[in-house]
$ cat my_file-v7.cif   # mmCIF, C-alpha atoms
data_protein
#
loop_
_atom_site.label_atom_id
_atom_site.label_comp_id
_atom_site.auth_asym_id
_atom_site.auth_seq_id
_atom_site.Cartn_x
_atom_site.Cartn_y
_atom_site.Cartn_z
CA GLY A 229 -190.61 -67.24 -45.81
CA ASP A 230 -190.70 -70.64 -44.20
CA SER A 231 -191.77 -73.52 -46.41
CA VAL A 232 -191.78 -77.29 -46.84
CA THR A 233 -191.08 -79.12 -50.08
CA GLN A 234 -192.01 -82.75 -50.62
CA MET A 235 -191.31 -85.06 -53.49
CA GLU A 236 -194.02 -85.24 -56.10
CA GLY A 237 -196.23 -88.27 -56.07
CA PRO A 238 -197.75 -90.62 -56.57
CA VAL A 239 -195.23 -93.11 -55.27
CA THR A 240 -196.17 -96.66 -56.26
CA LEU A 241 -194.47 -99.58 -54.56
CA SER A 242 -194.92 -103.28 -54.21
CA GLU A 243 -195.59 -104.75 -50.78
CA GLU A 244 -192.40 -105.21 -48.70
CA ALA A 245 -190.48 -102.62 -50.72
CA PHE A 246 -188.37 -99.93 -49.06
CA LEU A 247 -189.96 -96.51 -48.82
CA THR A 248 -188.37 -93.08 -48.88
CA ILE A 249 -190.39 -89.88 -49.14
CA ASN A 250 -188.18 -86.81 -49.34
CA CYS A 251 -188.92 -83.66 -47.38
CA THR A 252 -186.82 -80.52 -47.21
CA TYR A 253 -187.62 -77.31 -45.44
CA THR A 254 -186.70 -73.65 -45.42
CA ALA A 255 -186.78 -72.06 -41.99
CA THR A 256 -185.44 -68.92 -40.38
CA GLY A 257 -185.25 -70.54 -36.94
CA TYR A 258 -185.41 -73.99 -35.38
CA PRO A 259 -188.85 -75.46 -35.82
CA SER A 260 -190.26 -78.81 -34.80
CA LEU A 261 -190.82 -81.18 -37.72
CA PHE A 262 -193.72 -83.54 -38.26
CA TRP A 263 -195.03 -86.23 -40.56
CA TYR A 264 -198.80 -86.55 -40.72
CA VAL A 265 -200.67 -89.29 -42.58
CA GLN A 266 -204.10 -89.04 -44.18
CA TYR A 267 -205.84 -92.34 -44.93
CA PRO A 268 -208.61 -92.28 -47.54
CA GLY A 269 -211.67 -90.43 -46.28
CA GLU A 270 -210.11 -89.57 -42.93
CA GLY A 271 -208.48 -86.62 -41.21
CA LEU A 272 -204.78 -86.18 -40.60
CA GLN A 273 -203.07 -88.23 -37.91
CA LEU A 274 -199.66 -87.59 -36.46
CA LEU A 275 -197.25 -90.27 -37.64
CA LEU A 276 -194.05 -89.04 -35.97
CA LYS A 277 -192.23 -85.89 -34.96
CA ALA A 278 -188.81 -84.52 -34.04
CA THR A 279 -188.35 -81.37 -32.04
CA LYS A 280 -184.64 -80.62 -32.38
CA ALA A 281 -181.71 -81.29 -34.68
CA ASP A 282 -180.49 -84.92 -34.86
CA ASP A 283 -183.64 -86.21 -33.17
CA LYS A 284 -185.15 -89.28 -34.78
CA GLY A 285 -188.90 -89.74 -34.73
CA SER A 286 -190.31 -93.23 -35.17
CA ASN A 287 -193.68 -94.94 -35.16
CA LYS A 288 -195.24 -98.04 -36.77
CA GLY A 289 -191.96 -98.89 -38.53
CA PHE A 290 -191.60 -95.40 -40.03
CA GLU A 291 -188.59 -93.23 -39.18
CA ALA A 292 -187.35 -89.73 -39.93
CA THR A 293 -184.30 -87.83 -38.68
CA TYR A 294 -184.15 -84.06 -38.24
CA ARG A 295 -181.09 -83.01 -40.27
CA LYS A 296 -180.27 -79.36 -39.76
CA GLU A 297 -177.22 -79.43 -42.05
CA THR A 298 -179.27 -80.57 -45.03
CA THR A 299 -182.57 -79.04 -43.84
CA SER A 300 -184.26 -82.38 -44.42
CA PHE A 301 -186.68 -84.74 -42.68
CA HIS A 302 -187.02 -87.71 -45.03
CA LEU A 303 -189.55 -90.41 -44.17
CA GLU A 304 -188.42 -94.05 -44.43
CA LYS A 305 -189.87 -97.48 -43.85
CA GLY A 306 -188.08 -100.74 -44.43
CA SER A 307 -191.02 -102.82 -45.66
CA VAL A 308 -194.31 -101.23 -46.70
CA GLN A 309 -197.71 -102.89 -46.52
CA VAL A 310 -200.86 -102.33 -48.53
CA SER A 311 -202.35 -100.72 -45.42
CA ASP A 312 -199.70 -97.95 -45.62
CA SER A 313 -201.38 -96.57 -48.75
CA ALA A 314 -202.24 -92.97 -47.86
CA VAL A 315 -201.18 -89.36 -48.36
CA TYR A 316 -198.18 -88.30 -46.29
CA PHE A 317 -197.61 -84.68 -45.27
CA CYS A 318 -194.40 -83.18 -43.96
CA ALA A 319 -194.84 -80.08 -41.79
CA LEU A 320 -192.98 -77.66 -39.56
CA ASN A 321 -194.11 -75.54 -36.59
CA TYR A 322 -192.46 -72.87 -34.48
CA GLY A 323 -195.31 -72.55 -32.03
CA GLY A 324 -196.09 -69.08 -30.70
CA ALA A 325 -199.44 -67.38 -31.07
CA THR A 326 -200.36 -68.82 -34.46
CA ASN A 327 -199.04 -72.32 -33.65
CA LYS A 328 -199.35 -72.81 -37.39
CA LEU A 329 -198.34 -76.02 -39.08
CA ILE A 330 -196.69 -75.22 -42.42
CA PHE A 331 -197.39 -78.19 -44.65
CA GLY A 332 -195.88 -79.55 -47.79
CA THR A 333 -198.25 -80.44 -50.61
CA GLY A 334 -198.46 -84.09 -49.64
CA THR A 335 -197.22 -87.30 -51.29
CA LEU A 336 -199.62 -90.05 -52.28
CA LEU A 337 -198.27 -93.54 -51.58
CA ALA A 338 -199.92 -96.50 -53.27
CA VAL A 339 -198.75 -99.96 -52.22
CA GLN A 340 -199.69 -102.86 -54.45
CA PRO A 341 -199.98 -106.48 -53.24
CA GLU B 158 -212.23 -91.47 -26.72
CA ALA B 159 -210.22 -88.32 -27.32
CA GLN B 160 -211.34 -86.77 -30.55
CA VAL B 161 -212.12 -83.76 -32.68
CA THR B 162 -215.50 -83.90 -34.37
CA GLN B 163 -216.78 -81.85 -37.29
CA ASN B 164 -220.23 -81.49 -38.78
CA PRO B 165 -221.36 -81.83 -41.42
CA ARG B 166 -218.91 -84.13 -43.18
CA TYR B 167 -220.24 -83.22 -46.61
CA LEU B 168 -222.10 -80.13 -47.71
CA ILE B 169 -223.35 -78.84 -51.04
CA THR B 170 -224.66 -75.29 -51.04
CA VAL B 171 -225.25 -72.34 -53.34
CA THR B 172 -223.46 -69.04 -53.59
CA GLY B 173 -224.46 -66.58 -50.89
CA LYS B 174 -226.27 -68.96 -48.54
CA LYS B 175 -224.77 -68.62 -45.06
CA LEU B 176 -223.45 -71.79 -43.48
CA THR B 177 -221.68 -72.93 -40.34
CA VAL B 178 -219.32 -75.86 -39.93
CA THR B 179 -219.07 -76.98 -36.33
CA CYS B 180 -215.96 -78.26 -34.59
CA SER B 181 -215.80 -79.72 -31.11
CA GLN B 182 -213.00 -81.32 -29.08
CA ASN B 183 -213.27 -83.32 -25.87
CA MET B 184 -209.67 -83.00 -24.69
CA ASN B 185 -209.91 -79.65 -22.88
CA HIS B 186 -207.44 -78.18 -25.37
CA GLU B 187 -206.62 -74.48 -25.24
CA TYR B 188 -205.70 -74.10 -28.90
CA MET B 189 -207.92 -74.69 -31.93
CA SER B 190 -207.60 -73.80 -35.57
CA TRP B 191 -209.11 -74.23 -39.02
CA TYR B 192 -207.31 -75.26 -42.21
CA ARG B 193 -208.42 -75.69 -45.77
CA GLN B 194 -206.89 -78.29 -48.06
CA ASP B 195 -206.68 -77.71 -51.79
CA PRO B 196 -204.92 -79.82 -54.45
CA GLY B 197 -201.33 -78.76 -54.99
CA LEU B 198 -201.45 -76.29 -52.11
CA GLY B 199 -201.39 -78.54 -49.06
CA LEU B 200 -203.17 -77.23 -45.97
CA ARG B 201 -203.41 -73.54 -45.19
CA GLN B 202 -204.48 -71.99 -41.91
CA ILE B 203 -207.69 -69.94 -41.97
CA TYR B 204 -208.18 -68.84 -38.33
CA TYR B 205 -206.87 -69.89 -34.96
CA SER B 206 -207.80 -69.48 -31.31
CA MET B 207 -205.47 -69.55 -28.32
CA ASN B 208 -208.31 -69.76 -25.81
CA VAL B 209 -211.89 -68.74 -25.14
CA GLU B 210 -212.69 -65.36 -26.71
CA VAL B 211 -209.19 -65.12 -28.26
CA THR B 212 -209.14 -65.61 -32.03
CA ASP B 213 -207.02 -64.28 -34.89
CA LYS B 214 -206.57 -64.55 -38.63
CA GLY B 215 -204.39 -67.13 -40.27
CA ASP B 216 -203.04 -67.01 -43.81
CA VAL B 217 -206.32 -67.20 -45.75
CA PRO B 218 -209.08 -65.62 -43.60
CA GLU B 219 -211.02 -63.76 -46.32
CA GLY B 220 -214.66 -64.80 -46.46
CA TYR B 221 -214.61 -66.64 -43.12
CA LYS B 222 -215.53 -65.87 -39.51
CA VAL B 223 -215.02 -67.80 -36.31
CA SER B 224 -216.01 -67.58 -32.67
CA ARG B 225 -214.79 -69.25 -29.47
CA LYS B 226 -217.42 -68.82 -26.80
CA GLU B 227 -216.70 -72.16 -25.13
CA LYS B 228 -213.41 -73.96 -24.83
CA ARG B 229 -214.58 -77.09 -26.65
CA ASN B 230 -216.24 -75.49 -29.69
CA PHE B 231 -214.80 -73.50 -32.57
CA PRO B 232 -217.32 -73.04 -35.41
CA LEU B 233 -216.34 -71.79 -38.87
CA ILE B 234 -218.85 -69.44 -40.45
CA LEU B 235 -219.14 -68.62 -44.14
CA GLU B 236 -221.45 -65.59 -44.28
CA SER B 237 -221.73 -65.53 -48.08
CA PRO B 238 -220.02 -68.55 -49.59
CA SER B 239 -218.51 -68.33 -53.06
CA PRO B 240 -217.31 -71.07 -55.43
CA ASN B 241 -213.65 -70.38 -54.55
CA GLN B 242 -214.43 -71.61 -51.04
CA THR B 243 -215.09 -75.08 -52.39
CA SER B 244 -212.53 -77.10 -50.45
CA LEU B 245 -211.85 -79.70 -47.78
CA TYR B 246 -211.84 -78.14 -44.31
CA PHE B 247 -210.12 -79.45 -41.20
CA CYS B 248 -210.39 -78.38 -37.61
CA ALA B 249 -207.42 -79.03 -35.31
CA SER B 250 -206.66 -78.69 -31.62
CA SER B 251 -203.72 -78.98 -29.26
CA SER B 252 -203.26 -78.74 -25.51
CA THR B 253 -201.06 -75.64 -25.71
CA TRP B 254 -199.54 -73.45 -28.40
CA THR B 255 -196.31 -71.94 -27.16
CA SER B 256 -193.53 -74.32 -28.20
CA GLY B 257 -194.76 -75.79 -31.46
CA LYS B 258 -193.78 -79.25 -30.26
CA GLU B 259 -197.25 -80.37 -29.28
CA THR B 260 -199.23 -82.82 -31.35
CA GLN B 261 -202.16 -81.26 -33.12
CA TYR B 262 -205.26 -83.46 -33.42
CA PHE B 263 -207.34 -83.14 -36.56
CA GLY B 264 -211.02 -83.68 -37.20
CA PRO B 265 -212.23 -85.96 -40.02
CA GLY B 266 -212.77 -83.09 -42.43
CA THR B 267 -215.73 -81.35 -44.05
CA ARG B 268 -215.97 -81.43 -47.83
CA LEU B 269 -217.74 -78.31 -49.07
CA LEU B 270 -219.00 -77.66 -52.58
CA VAL B 271 -220.32 -74.18 -53.38
CA LEU B 272 -222.29 -73.96 -56.61
#
$ encode --input "my_file-v7.cif" --output "structure tokens"
Amino acid sequence: GDSVTQMEGPVTLSEEAFLTINCTYTATGYPSLFWYVQYPGEGLQLLLKATKADDKGSNKGFEATYRKETTSFHLEKGSVQVSDSAVYFCALNYGGATNKLIFGTGTLLAVQP
Amino acid sequence: EAQVTQNPRYLITVTGKKLTVTCSQNMNHEYMSWYRQDPGLGLRQIYYSMNVEVTDKGDVPEGYKVSRKEKRNFPLILESPSPNQTSLYFCASSSTWTSGKETQYFGPGTRLLVL
């Protein structure tokens, strides 16, 4: 079945370091891909999305490109801040009746000053 | 402010005592759903609703009920809670449901402990 695999965390970085969080997916069709972020004690917020192959989603300095050939949607940021510390979830969705987001297990990012 | 609200945010209860977690959205969204979040498992869909009076089971519906009598509200009911329902619960909504491209908006979560 369809699934999303994320790199294990936690990821610990110093402020201003480069961030990559890997995400690969298994899909029978052509889903939309999402990154959601969960700050401590809060719900999930959409960070960025891409709805077709080769699309690049971007927001708040974060970027991810929908790569069909490698079935990947890696999250990157050039210079992280302490305020980026959160759990990041990669997800896919085909829509239809269930409109179900299929999530990875999440990656905890801790940024140290 | 556009938002999804859930109540209560935290709940401790005992096995078998019926409870309801409320969810409300103020965006006139057609679609609503419930997820549970467990360590190492990510989020899994419990139930979803495509519109008023239209609901269906997600991946982990056992032990849960829902209703959608009004467009804005989608309560989650645990008729006889058990310890394996201890989890963090999220309600989500989106304007439509057909393409899968729409942003889904999540509530702040309800942390439930069943003793």
$ resolve_selection --input "my_file-v7.cif" --expression "the PyMOL selection byres ((chain A) within 8 of (chain B))" --output "list in words"
Pro259, Ser260, Gly269, Glu270, Gly271, Leu272, Gln273, Leu274, Thr279, Asn321, Tyr322, Gly323, Gly324, Ala325, Thr326, Asn327, Lys328, Leu329, Ile330, Phe331, Gly332, Thr333 and Gly334 of chain A
$ residues_around --input "my_file-v7.cif" --residues "Ser311 in chain A" --least-positions-apart "5" --cutoff "12 Å" --atoms "only C-alpha atoms" --output "ChimeraX atom specification"
/A:242-244,265-268,288,337-341
$ closest_residue --input "my_file-v7.cif" --among "A:Thr248, A:Thr335, A:Ser231, A:Ser286" --to "Thr299 in chain A" --atoms "all atoms listed in the file"
A:Ser231
$ closest_residue --input "my_file-v7.cif" --among "B:Val223, B:Leu235, B:Cys180, B:Leu269" --to "Gln160 in chain B" --atoms "all atoms listed in the file"
B:Cys180
$ residues_around --input "my_file-v7.cif" --residues "range 281-285 of chain A" --least-positions-apart "6" --cutoff "8 Å" --atoms "only C-alpha atoms" --output "PyMOL selection string"
chain A and resi 291-296
$ build_atoms --input "my_file-v7.cif" --residues "range 285-308 of chain A" --atoms "N, CA and C atoms" --output "mmCIF file, in the coordinates of the input"
data_model
loop_
_atom_site.group_PDB
_atom_site.id
_atom_site.type_symbol
_atom_site.label_atom_id
_atom_site.label_comp_id
_atom_site.auth_asym_id
_atom_site.auth_seq_id
_atom_site.Cartn_x
_atom_site.Cartn_y
_atom_site.Cartn_z
ATOM 1 N N GLY A 285 -187.542 -89.353 -35.066
ATOM 2 C CA GLY A 285 -188.900 -89.740 -34.730
ATOM 3 C C GLY A 285 -189.186 -91.101 -35.335
ATOM 4 N N SER A 286 -189.980 -91.910 -34.635
ATOM 5 C CA SER A 286 -190.310 -93.230 -35.170
ATOM 6 C C SER A 286 -191.676 -93.668 -34.669
ATOM 7 N N ASN A 287 -192.359 -94.438 -35.514
ATOM 8 C CA ASN A 287 -193.680 -94.940 -35.160
ATOM 9 C C ASN A 287 -194.114 -95.921 -36.237
ATOM 10 N N LYS A 288 -194.669 -97.050 -35.852
ATOM 11 C CA LYS A 288 -195.240 -98.040 -36.770
ATOM 12 C C LYS A 288 -194.249 -98.469 -37.848
ATOM 13 N N GLY A 289 -192.967 -98.481 -37.560
ATOM 14 C CA GLY A 289 -191.960 -98.890 -38.530
ATOM 15 C C GLY A 289 -191.449 -97.749 -39.397
ATOM 16 N N PHE A 290 -192.063 -96.585 -39.302
ATOM 17 C CA PHE A 290 -191.600 -95.400 -40.030
ATOM 18 C C PHE A 290 -190.572 -94.649 -39.173
ATOM 19 N N GLU A 291 -189.608 -94.023 -39.874
ATOM 20 C CA GLU A 291 -188.590 -93.230 -39.180
ATOM 21 C C GLU A 291 -188.280 -91.976 -39.980
ATOM 22 N N ALA A 292 -187.857 -90.930 -39.269
ATOM 23 C CA ALA A 292 -187.350 -89.730 -39.930
ATOM 24 C C ALA A 292 -186.401 -89.030 -38.971
ATOM 25 N N THR A 293 -185.302 -88.498 -39.504
ATOM 26 C CA THR A 293 -184.300 -87.830 -38.680
ATOM 27 C C THR A 293 -184.211 -86.366 -39.061
ATOM 28 N N TYR A 294 -184.221 -85.513 -38.077
ATOM 29 C CA TYR A 294 -184.150 -84.060 -38.240
ATOM 30 C C TYR A 294 -182.698 -83.691 -38.558
ATOM 31 N N ARG A 295 -182.449 -83.346 -39.817
ATOM 32 C CA ARG A 295 -181.090 -83.010 -40.270
ATOM 33 C C ARG A 295 -180.997 -81.522 -40.530
ATOM 34 N N LYS A 296 -180.382 -80.816 -39.608
ATOM 35 C CA LYS A 296 -180.270 -79.360 -39.760
ATOM 36 C C LYS A 296 -179.319 -79.000 -40.887
ATOM 37 N N GLU A 297 -178.238 -79.783 -41.056
ATOM 38 C CA GLU A 297 -177.220 -79.430 -42.050
ATOM 39 C C GLU A 297 -177.731 -79.525 -43.473
ATOM 40 N N THR A 298 -178.689 -80.432 -43.692
ATOM 41 C CA THR A 298 -179.270 -80.570 -45.030
ATOM 42 C C THR A 298 -180.703 -80.073 -45.071
ATOM 43 N N THR A 299 -181.174 -79.505 -44.001
ATOM 44 C CA THR A 299 -182.570 -79.040 -43.840
ATOM 45 C C THR A 299 -183.544 -80.074 -44.398
ATOM 46 N N SER A 300 -183.430 -81.294 -43.897
ATOM 47 C CA SER A 300 -184.260 -82.380 -44.420
ATOM 48 C C SER A 300 -184.883 -83.185 -43.280
ATOM 49 N N PHE A 301 -185.949 -83.891 -43.634
ATOM 50 C CA PHE A 301 -186.680 -84.740 -42.680
ATOM 51 C C PHE A 301 -187.336 -85.859 -43.485
ATOM 52 N N HIS A 302 -186.526 -86.668 -44.122
ATOM 53 C CA HIS A 302 -187.020 -87.710 -45.030
ATOM 54 C C HIS A 302 -187.689 -88.843 -44.259
ATOM 55 N N LEU A 303 -188.797 -89.306 -44.788
ATOM 56 C CA LEU A 303 -189.550 -90.410 -44.170
ATOM 57 C C LEU A 303 -189.113 -91.729 -44.784
ATOM 58 N N GLU A 304 -188.847 -92.749 -43.947
ATOM 59 C CA GLU A 304 -188.420 -94.050 -44.430
ATOM 60 C C GLU A 304 -189.173 -95.166 -43.715
ATOM 61 N N LYS A 305 -189.344 -96.259 -44.455
ATOM 62 C CA LYS A 305 -189.870 -97.480 -43.850
ATOM 63 C C LYS A 305 -189.247 -98.659 -44.586
ATOM 64 N N GLY A 306 -188.829 -99.646 -43.841
ATOM 65 C CA GLY A 306 -188.080 -100.740 -44.430
ATOM 66 C C GLY A 306 -188.913 -101.686 -45.281
ATOM 67 N N SER A 307 -190.193 -101.849 -44.950
ATOM 68 C CA SER A 307 -191.020 -102.820 -45.660
ATOM 69 C C SER A 307 -192.475 -102.350 -45.586
ATOM 70 N N VAL A 308 -192.962 -101.811 -46.709
ATOM 71 C CA VAL A 308 -194.310 -101.230 -46.700
ATOM 72 C C VAL A 308 -195.361 -102.322 -46.873
#
